[in-house]
$ cat data.txt   # compact mmCIF, C-alpha atoms
# COMPACT_ATOMS: atom_id res chain seq x y z
CA MET A 398 112.47 85.11 85.44
CA SER A 399 114.26 82.86 82.96
CA SER A 400 116.41 80.11 84.38
CA PRO A 401 120.05 79.86 83.49
CA ALA A 402 121.16 77.13 81.16
CA PRO A 403 121.60 73.82 82.91
CA SER A 404 125.08 73.18 84.00
CA SER A 405 126.59 70.98 86.64
CA LYS A 406 128.86 73.87 87.65
CA ARG A 407 126.08 76.39 88.09
CA ARG A 408 124.67 76.86 91.58
CA ARG A 409 121.08 76.08 92.32
CA SER A 410 118.75 79.09 92.32
CA ALA A 411 117.49 80.27 95.70
CA VAL A 412 114.30 81.67 94.18
CA PRO A 413 112.09 78.64 94.98
CA GLY A 414 113.37 78.71 98.54
CA ILE A 415 112.66 82.43 98.89
CA VAL A 416 109.14 81.99 97.56
CA ALA A 417 108.55 79.04 99.86
CA ILE A 418 109.75 81.00 102.88
CA VAL A 419 107.50 83.96 102.04
CA VAL A 420 104.44 81.78 101.46
CA GLY A 421 105.20 79.81 104.61
CA LEU A 422 105.43 82.96 106.72
CA VAL A 423 102.14 84.30 105.35
CA VAL A 424 100.40 81.00 106.05
CA ALA A 425 101.95 80.87 109.53
CA ALA A 426 100.76 84.43 110.25
CA ALA A 427 97.24 83.51 109.17
CA ALA A 428 97.31 80.36 111.26
CA VAL A 429 98.53 82.18 114.36
CA ALA A 430 95.90 84.88 113.95
CA LEU A 431 93.11 82.37 113.41
CA LEU A 432 94.15 80.05 116.21
CA THR A 433 94.73 82.76 118.81
CA GLY A 434 92.01 85.17 117.66
CA GLY A 435 91.96 88.88 118.35
CA GLY A 436 92.44 88.27 122.06
CA GLU A 437 92.99 91.38 124.12
CA ASP A 438 93.98 93.53 121.16
CA ASP A 439 92.75 97.06 121.54
CA THR A 440 90.87 97.21 118.28
CA ALA A 441 87.93 99.52 117.88
CA SER A 442 84.55 98.05 117.16
CA PRO A 443 82.65 100.49 114.98
CA THR A 444 79.38 99.19 116.36
CA GLN A 445 80.36 100.75 119.66
CA THR A 446 81.40 104.01 118.11
CA THR A 447 79.34 107.12 117.66
CA ARG A 448 80.50 109.12 114.68
CA PRO A 449 78.89 112.51 115.10
CA THR A 450 79.69 114.09 111.78
CA THR A 451 79.16 111.09 109.57
CA ALA A 452 75.97 109.78 111.04
CA SER A 453 72.57 111.18 110.24
CA GLY A 454 68.96 110.74 111.22
CA ASP A 455 67.16 110.99 114.48
CA GLY A 456 67.72 107.46 115.69
CA ALA A 457 69.02 107.32 119.19
CA VAL A 458 70.28 104.62 121.45
CA SER A 459 68.56 104.95 124.75
CA THR A 460 70.11 103.94 127.99
CA SER A 461 67.57 104.31 130.70
CA GLY A 462 68.78 105.38 134.07
CA ALA A 463 72.36 105.40 135.25
CA SER A 464 74.39 102.30 135.91
CA ALA A 465 77.70 102.21 137.72
CA GLY A 466 79.35 103.63 134.60
CA GLY A 467 76.67 106.26 134.15
CA VAL A 468 75.02 106.94 130.82
CA ALA A 469 77.52 106.62 127.98
CA VAL A 470 75.11 107.11 125.10
CA GLY A 471 71.82 108.74 125.89
CA THR A 472 68.64 109.98 124.31
CA VAL A 473 68.80 113.53 122.99
CA ARG A 474 66.16 115.85 121.60
CA VAL A 475 67.13 119.07 119.85
CA VAL A 476 64.51 121.77 119.38
CA GLY A 477 65.40 124.54 116.95
CA ALA A 478 67.96 124.96 114.21
CA SER A 479 71.48 123.68 114.70
CA LEU A 480 74.23 126.28 114.60
CA PRO A 481 76.23 126.62 111.38
CA ALA A 482 79.58 124.86 111.20
CA PHE A 483 82.35 126.48 113.18
CA PRO A 484 84.63 128.16 110.61
CA GLU A 485 88.35 127.39 110.51
CA SER A 486 88.94 131.09 109.88
CA GLY A 487 86.98 134.26 109.37
CA ALA A 488 83.77 135.47 110.96
CA ASP A 489 81.57 133.07 112.88
CA ARG A 490 78.09 133.08 111.31
CA ALA A 491 76.63 131.65 114.51
CA LYS A 492 77.05 134.93 116.38
CA GLY A 493 73.67 136.40 117.17
CA LEU A 494 71.80 133.18 116.35
CA ALA A 495 69.59 131.47 118.91
CA PHE A 496 71.13 128.43 120.53
CA PRO A 497 68.81 125.45 120.06
CA GLU A 498 67.20 123.80 123.04
CA ILE A 499 68.88 120.50 123.89
CA ARG A 500 67.27 117.90 126.13
CA GLY A 501 69.07 114.83 127.33
CA GLN A 502 70.32 112.85 130.29
CA ASP A 503 73.19 113.54 132.64
CA VAL A 504 76.12 111.19 132.06
CA ALA A 505 76.60 110.48 135.76
CA SER A 506 73.11 110.51 137.27
CA GLY A 507 70.94 109.76 134.25
CA LEU A 508 68.64 112.59 135.34
CA PRO A 509 67.10 114.86 132.69
CA VAL A 510 69.17 117.88 131.64
CA THR A 511 67.82 120.69 129.49
CA ILE A 512 69.87 123.47 127.92
CA ALA A 513 67.21 126.07 127.19
CA ASN A 514 66.79 129.83 127.03
CA ASP A 515 65.91 130.55 130.65
CA GLY A 516 67.26 134.09 130.87
CA ARG A 517 70.66 133.01 132.19
CA PRO A 518 73.91 133.30 130.22
CA LYS A 519 75.54 129.96 129.54
CA ILE A 520 78.68 128.18 128.45
CA VAL A 521 78.24 124.87 126.63
CA MET A 522 81.37 122.72 126.39
CA VAL A 523 81.63 119.68 124.12
CA VAL A 524 84.01 116.89 125.11
CA ALA A 525 84.95 113.38 124.02
CA HIS A 526 86.27 111.00 126.67
CA TRP A 527 89.07 109.63 124.45
CA CYS A 528 90.36 113.03 123.31
CA PRO A 529 93.60 113.92 125.13
CA HIS A 530 92.87 117.63 124.78
CA CYS A 531 89.50 117.19 126.48
CA GLN A 532 91.20 115.17 129.18
CA ARG A 533 93.45 118.14 129.88
CA GLU A 534 90.77 120.79 129.49
CA VAL A 535 88.22 119.34 131.89
CA PRO A 536 90.40 119.77 135.02
CA VAL A 537 91.36 123.29 133.91
CA VAL A 538 87.69 124.31 133.64
CA ALA A 539 86.71 122.42 136.78
CA ASP A 540 89.45 124.18 138.73
CA TRP A 541 88.47 127.60 137.40
CA LEU A 542 84.79 127.06 138.16
CA GLY A 543 85.67 126.09 141.70
CA ARG A 544 87.82 129.08 142.52
CA ASP A 545 86.81 132.08 140.37
CA PRO A 546 83.83 134.14 141.56
CA ARG A 547 82.97 134.99 137.95
CA ALA A 548 81.81 131.42 137.57
CA SER A 549 78.52 132.47 139.15
CA LEU A 550 77.85 134.77 136.20
CA VAL A 551 76.93 131.85 133.95
CA ASP A 552 75.46 128.38 133.95
CA VAL A 553 77.88 125.86 132.56
CA TYR A 554 76.79 122.72 130.69
CA ALA A 555 78.76 120.05 128.89
CA ILE A 556 78.01 117.50 126.18
CA SER A 557 79.81 114.16 126.19
CA THR A 558 79.86 112.87 122.63
CA ALA A 559 81.64 110.51 120.21
CA VAL A 560 81.67 107.75 122.79
CA ASP A 561 83.87 104.81 121.83
CA ARG A 562 84.55 102.08 124.34
CA SER A 563 87.74 100.98 122.58
CA ARG A 564 89.41 104.39 122.59
CA GLY A 565 90.19 104.46 126.28
CA ASN A 566 89.19 106.56 129.26
CA TYR A 567 85.79 104.86 129.16
CA PRO A 568 83.13 105.32 130.43
CA PRO A 569 82.80 109.12 130.33
CA ALA A 570 80.99 109.24 133.67
CA SER A 571 83.90 107.60 135.49
CA TRP A 572 86.39 109.96 133.89
CA LEU A 573 84.38 113.08 134.71
CA THR A 574 83.75 111.93 138.27
CA GLU A 575 87.46 111.32 138.80
CA GLU A 576 88.15 114.86 137.59
CA GLY A 577 85.74 116.31 140.13
CA TRP A 578 83.47 117.46 137.30
CA PHE A 579 80.25 118.79 138.81
CA VAL A 580 78.89 120.38 135.63
CA GLN A 581 75.64 119.00 134.24
CA THR A 582 76.75 116.94 131.24
CA ILE A 583 74.42 115.61 128.57
CA ALA A 584 75.22 112.14 127.25
CA ASP A 585 74.95 112.60 123.49
CA ASP A 586 73.08 110.06 121.38
CA ALA A 587 74.61 107.62 118.91
CA THR A 588 74.32 110.05 116.02
CA GLY A 589 75.82 113.00 117.87
CA SER A 590 72.64 115.11 117.76
CA ALA A 591 73.72 117.43 120.57
CA PHE A 592 77.22 117.77 119.15
CA ARG A 593 75.88 118.66 115.70
CA ALA A 594 73.50 121.20 117.21
CA THR A 595 76.53 123.20 118.38
CA GLY A 596 78.07 123.30 114.89
CA ALA A 597 81.40 122.13 116.25
CA SER A 598 83.79 119.89 114.31
CA SER A 599 86.42 119.14 116.92
CA PHE A 600 86.91 118.56 120.63
CA PRO A 601 86.90 120.30 122.98
CA SER A 602 84.67 123.12 121.76
CA PHE A 603 82.79 125.86 123.51
CA VAL A 604 79.72 128.01 122.90
CA ALA A 605 79.09 131.21 124.88
CA ILE A 606 75.41 132.13 125.03
CA ASP A 607 74.01 135.38 126.41
CA ALA A 608 70.98 135.88 128.66
CA GLN A 609 68.75 136.20 125.59
CA GLY A 610 69.82 132.77 124.37
CA LYS A 611 71.91 134.15 121.51
CA VAL A 612 75.40 132.91 120.64
CA VAL A 613 78.03 135.53 121.44
CA ALA A 614 81.17 133.48 120.82
CA ARG A 615 82.45 130.01 120.01
CA ALA A 616 85.87 128.50 120.54
CA SER A 617 87.61 125.27 119.65
CA GLY A 618 90.60 123.49 121.12
CA GLU A 619 92.20 123.65 124.54
CA LEU A 620 91.64 126.96 126.33
CA SER A 621 93.66 128.37 129.16
CA ALA A 622 91.77 129.35 132.30
CA ALA A 623 92.12 132.99 131.26
CA ARG A 624 90.59 132.38 127.83
CA PHE A 625 87.78 130.37 129.36
CA ALA A 626 87.17 133.32 131.71
CA ASP A 627 86.99 135.61 128.67
CA LEU A 628 84.23 133.40 127.25
CA VAL A 629 82.35 133.57 130.55
CA VAL A 630 82.64 137.34 130.64
CA ALA A 631 81.49 137.56 127.00
CA ALA A 632 78.44 135.41 127.74
CA ALA A 633 77.61 137.47 130.83
CA GLY A 634 77.96 140.70 128.84
CA ARG A 635 80.36 142.19 131.37
CA MET B 1486 87.39 86.62 110.76
CA ASP B 1487 86.63 89.60 112.99
CA VAL B 1488 88.45 92.93 112.97
CA ALA B 1489 90.75 92.04 115.88
CA THR B 1490 91.81 88.74 114.29
CA THR B 1491 92.36 90.38 110.91
CA SER B 1492 94.38 93.10 112.60
CA LYS B 1493 96.56 90.48 114.28
CA PHE B 1494 97.12 88.79 110.92
CA LEU B 1495 98.03 92.09 109.25
CA ALA B 1496 100.28 93.02 112.17
CA LEU B 1497 102.12 89.70 111.88
CA LEU B 1498 102.54 90.28 108.14
CA ALA B 1499 103.95 93.73 108.90
CA ILE B 1500 106.45 92.25 111.34
CA VAL B 1501 107.45 89.60 108.79
CA ALA B 1502 107.86 92.35 106.19
CA VAL B 1503 110.09 94.40 108.46
CA GLY B 1504 112.12 91.31 109.29
CA GLY B 1505 112.52 90.59 105.58
CA SER B 1506 113.58 94.16 104.95
CA VAL B 1507 116.24 93.90 107.63
CA ALA B 1508 117.47 90.63 106.15
CA ILE B 1509 117.65 92.14 102.66
CA THR B 1510 119.58 95.12 103.99
CA ALA B 1511 121.93 92.80 105.84
CA LEU B 1512 122.60 90.92 102.61
CA ARG B 1513 123.81 94.18 101.10
CA LEU B 1514 126.23 94.71 103.96
CA LEU B 1515 127.65 91.21 104.17
CA PRO B 1516 130.81 90.61 102.10
CA GLY B 1517 131.55 87.59 99.99
CA PRO B 1518 130.00 85.81 97.05
CA GLY B 1519 127.44 83.90 99.12
CA PRO B 1520 125.34 86.87 100.24
CA ALA B 1521 125.81 88.45 96.81
CA THR B 1522 124.32 85.48 95.05
CA VAL B 1523 121.40 85.22 97.45
CA ARG B 1524 120.83 88.94 97.02
CA ALA B 1525 120.80 88.47 93.28
CA ASP B 1526 118.10 85.83 93.64
CA VAL B 1527 116.13 88.15 95.94
CA ALA B 1528 116.44 90.84 93.30
CA ARG B 1529 114.93 88.49 90.73
CA VAL B 1530 111.77 87.99 92.77
CA ALA B 1531 111.77 91.48 94.29
CA PRO B 1532 109.31 93.01 91.78
CA TRP B 1533 106.82 90.23 92.51
CA LEU B 1534 107.28 90.50 96.27
CA ALA B 1535 106.98 94.30 96.15
CA ALA B 1536 103.79 93.95 94.12
CA ALA B 1537 102.42 91.48 96.68
CA VAL B 1538 103.27 93.83 99.53
CA ALA B 1539 101.56 96.79 97.82
CA VAL B 1540 98.46 94.75 96.98
CA ALA B 1541 98.26 93.36 100.51
CA ALA B 1542 98.67 96.82 102.05
CA THR B 1543 95.99 98.24 99.78
CA ALA B 1544 93.65 95.36 100.55
CA GLY B 1545 94.23 95.88 104.27
CA SER B 1546 93.57 99.59 103.94
CA LEU B 1547 90.32 98.98 102.07
CA TYR B 1548 89.33 96.32 104.60
CA TYR B 1549 89.64 98.81 107.45
CA SER B 1550 87.64 101.52 105.73
CA GLU B 1551 85.05 99.52 103.78
CA ILE B 1552 84.47 96.48 106.00
CA ALA B 1553 85.62 97.42 109.49
CA GLY B 1554 84.07 100.86 109.04
CA PHE B 1555 86.98 103.01 110.22
CA VAL B 1556 86.94 106.49 108.71
CA PRO B 1557 90.39 107.30 107.25
CA CYS B 1558 91.94 110.41 108.72
CA GLU B 1559 93.79 113.04 106.69
CA LEU B 1560 97.20 111.42 107.16
CA CYS B 1561 95.72 108.01 106.29
CA TRP B 1562 94.63 109.49 102.97
CA TYR B 1563 98.13 110.78 102.22
CA GLN B 1564 99.50 107.29 102.85
CA ARG B 1565 96.81 105.83 100.60
CA ILE B 1566 97.82 108.27 97.86
CA ALA B 1567 101.31 106.79 98.03
CA MET B 1568 100.36 103.13 98.36
CA TYR B 1569 97.39 102.68 96.02
CA PRO B 1570 99.25 103.52 92.81
CA LEU B 1571 101.92 101.00 93.80
CA ALA B 1572 99.26 98.28 93.99
CA VAL B 1573 98.51 98.89 90.31
CA VAL B 1574 101.90 99.78 88.89
CA LEU B 1575 104.05 97.16 90.61
CA PRO B 1576 102.05 94.09 89.47
CA ILE B 1577 102.05 95.40 85.89
CA ALA B 1578 105.80 96.03 86.08
CA ALA B 1579 106.37 92.54 87.52
CA VAL B 1580 104.41 90.90 84.72
CA ARG B 1581 106.19 92.95 82.07
CA GLY B 1582 109.59 92.46 83.66
CA ASP B 1583 110.07 96.22 83.81
CA ARG B 1584 113.13 96.72 85.99
CA THR B 1585 112.95 100.52 85.74
CA VAL B 1586 109.74 100.76 87.77
CA GLY B 1587 111.79 101.26 90.91
CA ARG B 1588 112.62 104.75 89.73
CA TYR B 1589 108.94 105.63 90.11
CA ALA B 1590 107.94 103.28 92.90
CA VAL B 1591 110.74 104.05 95.36
CA PRO B 1592 110.05 107.83 95.53
CA LEU B 1593 106.36 107.09 96.17
CA ALA B 1594 107.24 104.57 98.85
CA VAL B 1595 109.73 106.95 100.50
CA LEU B 1596 107.12 109.74 100.59
CA GLY B 1597 104.55 107.34 102.00
CA ALA B 1598 107.02 106.13 104.62
CA ALA B 1599 107.71 109.73 105.65
CA VAL B 1600 104.00 110.35 106.20
CA SER B 1601 103.71 107.07 108.10
CA VAL B 1602 106.59 108.04 110.40
CA TYR B 1603 104.92 111.39 111.09
CA HIS B 1604 101.59 109.65 111.75
CA VAL B 1605 103.15 107.12 114.12
CA GLN B 1606 104.84 109.82 116.18
CA LEU B 1607 101.66 111.96 116.17
CA GLN B 1608 99.74 109.05 117.67
CA ALA B 1609 102.51 108.56 120.21
CA PHE B 1610 102.62 112.26 121.11
CA PRO B 1611 99.14 113.71 120.43
CA ASP B 1612 99.89 116.97 122.25
CA GLN B 1613 101.09 118.55 119.01
CA SER B 1614 97.63 119.96 118.27
CA SER B 1615 95.09 121.64 120.52
CA SER B 1616 91.95 119.76 119.51
CA CYS B 1617 90.71 116.39 118.26
CA ASP B 1618 88.99 116.24 114.88
CA ALA B 1619 85.50 114.87 115.39
CA ALA B 1620 85.18 112.93 112.15
CA ALA B 1621 88.52 111.17 111.87
CA PRO B 1622 91.16 112.22 114.39
CA CYS B 1623 94.71 111.41 113.27
CA THR B 1624 95.80 111.07 116.88
CA VAL B 1625 93.54 108.15 117.73
CA ARG B 1626 94.75 104.58 117.34
CA GLU B 1627 91.84 102.67 115.82
CA VAL B 1628 93.87 99.46 116.01
CA THR B 1629 96.60 98.36 118.40
CA ALA B 1630 97.32 94.76 117.41
CA LEU B 1631 99.74 92.58 119.39
CA GLY B 1632 99.85 95.39 121.91
CA PHE B 1633 101.76 97.87 119.78
CA VAL B 1634 101.14 97.59 116.02
CA THR B 1635 98.96 100.41 114.69
CA ILE B 1636 97.62 100.99 111.17
CA PRO B 1637 100.27 103.62 110.25
CA MET B 1638 102.94 101.21 111.53
CA MET B 1639 101.60 98.57 109.14
CA ALA B 1640 101.70 101.11 106.31
CA LEU B 1641 105.26 102.05 107.25
CA ALA B 1642 106.25 98.39 107.14
CA GLY B 1643 104.78 98.14 103.64
CA PHE B 1644 106.57 101.22 102.34
CA VAL B 1645 109.90 100.21 103.89
CA THR B 1646 109.64 96.72 102.44
CA VAL B 1647 108.96 98.03 98.94
CA VAL B 1648 112.02 100.27 99.18
CA ALA B 1649 114.19 97.46 100.58
CA LEU B 1650 113.12 95.07 97.83
CA PHE B 1651 114.02 97.51 95.08
CA LEU B 1652 117.31 98.39 96.74
CA ALA B 1653 118.14 94.68 96.74
CA GLY B 1654 118.58 94.84 93.01
CA ARG B 1655 120.95 97.77 93.05
CA PRO B 1656 124.67 97.09 92.81
CA THR B 1657 126.72 97.49 95.98
CA ARG B 1658 130.10 99.20 96.24
CA THR B 1659 131.78 95.85 96.00
CA ALA B 1660 131.31 95.00 92.37
CA VAL B 1661 129.02 92.07 91.86
CA PRO B 1662 128.90 90.39 88.50
CA ALA B 1663 125.68 91.04 86.62
CA THR B 1664 125.15 87.32 86.30
CA THR B 1665 125.64 86.45 89.92
CA SER B 1666 122.86 83.91 89.69
CA GLU B 1667 125.15 81.92 87.47
CA VAL B 1668 128.10 81.88 89.81
CA PRO B 1669 129.37 78.33 89.98
CA VAL B 1670 128.99 76.53 93.23
CA PRO B 1671 132.41 75.65 94.56

$ encode --input "data.txt" --output "structure tokens"
Amino acid sequence: MSSPAPSSKRRRSAVPGIVAIVVGLVVAAAAVALLTGGGEDDTASPTQTTRPTTASGDGAVSTSGASAGGVAVGTVRVVGASLPAFPESGADRAKGLAFPEIRGQDVASGLPVTIANDGRPKIVMVVAHWCPHCQREVPVVADWLGRDPRASLVDVYAISTAVDRSRGNYPPASWLTEEGWFVQTIADDATGSAFRATGASSFPSFVAIDAQGKVVARASGELSAARFADLVVAAAGR
Amino acid sequence: MDVATTSKFLALLAIVAVGGSVAITALRLLPGPGPATVRADVARVAPWLAAAVAVAATAGSLYYSEIAGFVPCELCWYQRIAMYPLAVVLPIAAVRGDRTVGRYAVPLAVLGAAVSVYHVQLQAFPDQSSSCDAAAPCTVREVTALGFVTIPMMALAGFVTVVALFLAGRPTRTAVPATTSEVPVP
């Protein structure tokens, strides 16, 4: 950036002014941010976030009992091997494997919930409160369970996981209650133990389990009522 | 400075950058020697400003992933692929006075901007997929500063500003003397 030769007829360069304006705006932005703080900005706080697939270990955040907002993050115990990861394509290696026993607390009541091999076929559905696809799927399933007689063929459970206060539609218990969700729903722990036990990698996801406690099918993504019914029929062996 | 305050700062910088880009573009459209000379001066500092924008955007990106703890989603990574090289190449080009770097930087910035636009609209209309990725969903807004500024919007502002700064140095249809900075003041 060499300067032109001095001359009374040459105009003054605007470069210093441009630099001053840029620096001034940056300083002003910093000052405004510092003086006003984050305020009501909807910025996630990772300390409030459960990250199921990146966390590890058995540590769990325990929330005893149910408050007005229910149990957002609970205590979970998984007995048995977790299912292999749900494949993006090809055969599902989880078929025929035993579904692990999962013990936890209900998101709404805080009462103990156990998903165990009790001789009844089951559907286990995994949801995240902030996921728009889960938000659409829950009423579809709730409606189907309330009107289709085949619903009695299986026991349906849900797992509420990846809880993040900043992502909206929080707490999960309020959301599920508003949707008329009467399914027993385990509040997953901070490390997503229950979620990882299902081998899922996205929300919503489903596991169909037969009366012997073996996995017969898994599904991921929003399902129509008809496809959900297919899973129920598959679990029931009809 | 907490994450929300930092986000507000970065969002304000993004708004300033967009405003600057609009002003630079307007300078190209305005006739007369006045805007042309100012544009010539902008072009002189453009490599340095573009380098600063790229470095700031990269620093912000690394802040969100390494300090704030947000896991970058797939689209975030594509935008990083476009921005991170700029944070290295543009400062070197500015120091060396390499005016040809725009030929390499602008395509990268345009590609990055295209990904940012797609990411912004995906967050606005998340119905385009059927499920949410558990690890790092592209549809979720980790940050909404000032009520509307998201991380991909900040990235878009950075890419657009880099492009605008390099376009400032290109000649317009109305011929401008190469030495416009030496145009005598009437």

$ residues_around --input "data.txt" --residues "region 1632-1646 of chain B" --least-positions-apart "6" --cutoff "9 Å" --atoms "all atoms listed in the file" --output "MDAnalysis selection string"
(chainID A and resid 437:439) or (chainID B and resid 1492:1493 1495:1500 1502:1503 1505:1507 1535 1538:1539 1541:1542 1546 1560:1561 1564:1565 1567:1568 1591 1593:1602 1604:1605 1626)

$ atom_distance --input "data.txt" --atom1 "CA of Ala591 (chain A)" --atom2 "CA of Ala608 (chain A)"
20.3 Å

$ closest_residue --input "data.txt" --among "B:Pro1516, B:Val1648, B:Val1628, B:Ser1616" --to "His530 (chain A)" --atoms "all atoms listed in the file"
B:Ser1616

$ closest_residue --input "data.txt" --among "B:Asp1526, B:Pro1520, B:Ala1508, B:Arg1581" --to "chain A" --atoms "only C-alpha atoms"
B:Asp1526

$ closest_atom_pairs --input "data.txt" --of "chain B" --to "chain A" --cutoff "7 Å" --atoms "all atoms listed in the file" --output "Markdown table"
| residue | atom | partner | partner_atom | distance |
| --- | --- | --- | --- | --- |
| B:Ala1489 | CA | A:Gly435 | CA | 4.2 |
| B:Thr1490 | CA | A:Gly435 | CA | 4.1 |
| B:Lys1493 | CA | A:Ala430 | CA | 5.6 |
| B:Phe1494 | CA | A:Ala430 | CA | 5.1 |
| B:Leu1497 | CA | A:Ala426 | CA | 5.7 |
| B:Leu1498 | CA | A:Ala426 | CA | 6.5 |
| B:Val1523 | CA | A:Ala411 | CA | 6.5 |
| B:Asp1526 | CA | A:Val412 | CA | 5.7 |
| B:Val1527 | CA | A:Val412 | CA | 7.0 |
| B:Arg1529 | CA | A:Met398 | CA | 6.7 |
| B:Val1530 | CA | A:Val412 | CA | 7.0 |
| B:Ala1553 | CA | A:Pro443 | CA | 7.0 |
| B:Gly1554 | CA | A:Pro443 | CA | 6.1 |
| B:Phe1555 | CA | A:Pro443 | CA | 6.9 |
| B:Ser1615 | CA | A:Gly618 | CA | 4.9 |
| B:Ser1616 | CA | A:Gly618 | CA | 4.3 |
| B:Cys1617 | CA | A:Phe600 | CA | 5.0 |
| B:Asp1618 | CA | A:Ser599 | CA | 4.4 |
| B:Ala1619 | CA | A:Ser599 | CA | 4.6 |
| B:Ala1620 | CA | A:Thr450 | CA | 5.6 |
| B:Glu1627 | CA | A:Ala441 | CA | 5.4 |
| B:Val1628 | CA | A:Thr440 | CA | 4.4 |
| B:Thr1629 | CA | A:Asp439 | CA | 5.1 |
| B:Ala1630 | CA | A:Asp438 | CA | 5.2 |
| B:Leu1631 | CA | A:Asp438 | CA | 6.1 |
| B:Gly1632 | CA | A:Asp438 | CA | 6.2 |
| B:Ser1666 | CA | A:Ser410 | CA | 6.9 |
| B:Glu1667 | CA | A:Arg407 | CA | 5.6 |
| B:Val1668 | CA | A:Arg407 | CA | 6.1 |
| B:Pro1669 | CA | A:Arg407 | CA | 4.3 |
| B:Val1670 | CA | A:Arg408 | CA | 4.6 |

$ closest_residue --input "data.txt" --among "B:Val1586, B:Pro1622, B:Thr1491, B:Val1647" --to "Glu1559 (chain B)" --atoms "all atoms listed in the file"
B:Pro1622

$ residues_around --input "data.txt" --residues "Glu576 (chain A)" --least-positions-apart "3" --cutoff "12 Å" --atoms "all atoms listed in the file" --output "list in words"
His526, Cys531, Gln532, Arg533, Glu534, Val535, Pro536, Val537, Val538, Ala539, Asp540, Asn566, Pro569, Ala570, Ser571, Trp572, Leu573, Phe579 and Val580 of chain A

$ closest_residue --input "data.txt" --among "A:Leu542, A:Ala505, A:Ala478, A:Ala626" --to "Thr582 (chain A)" --atoms "all atoms listed in the file"
A:Ala505

$ atom_distance --input "data.txt" --atom1 "CA of Gly467 (chain A)" --atom2 "CA of Asp503 (chain A)"
8.2 Å
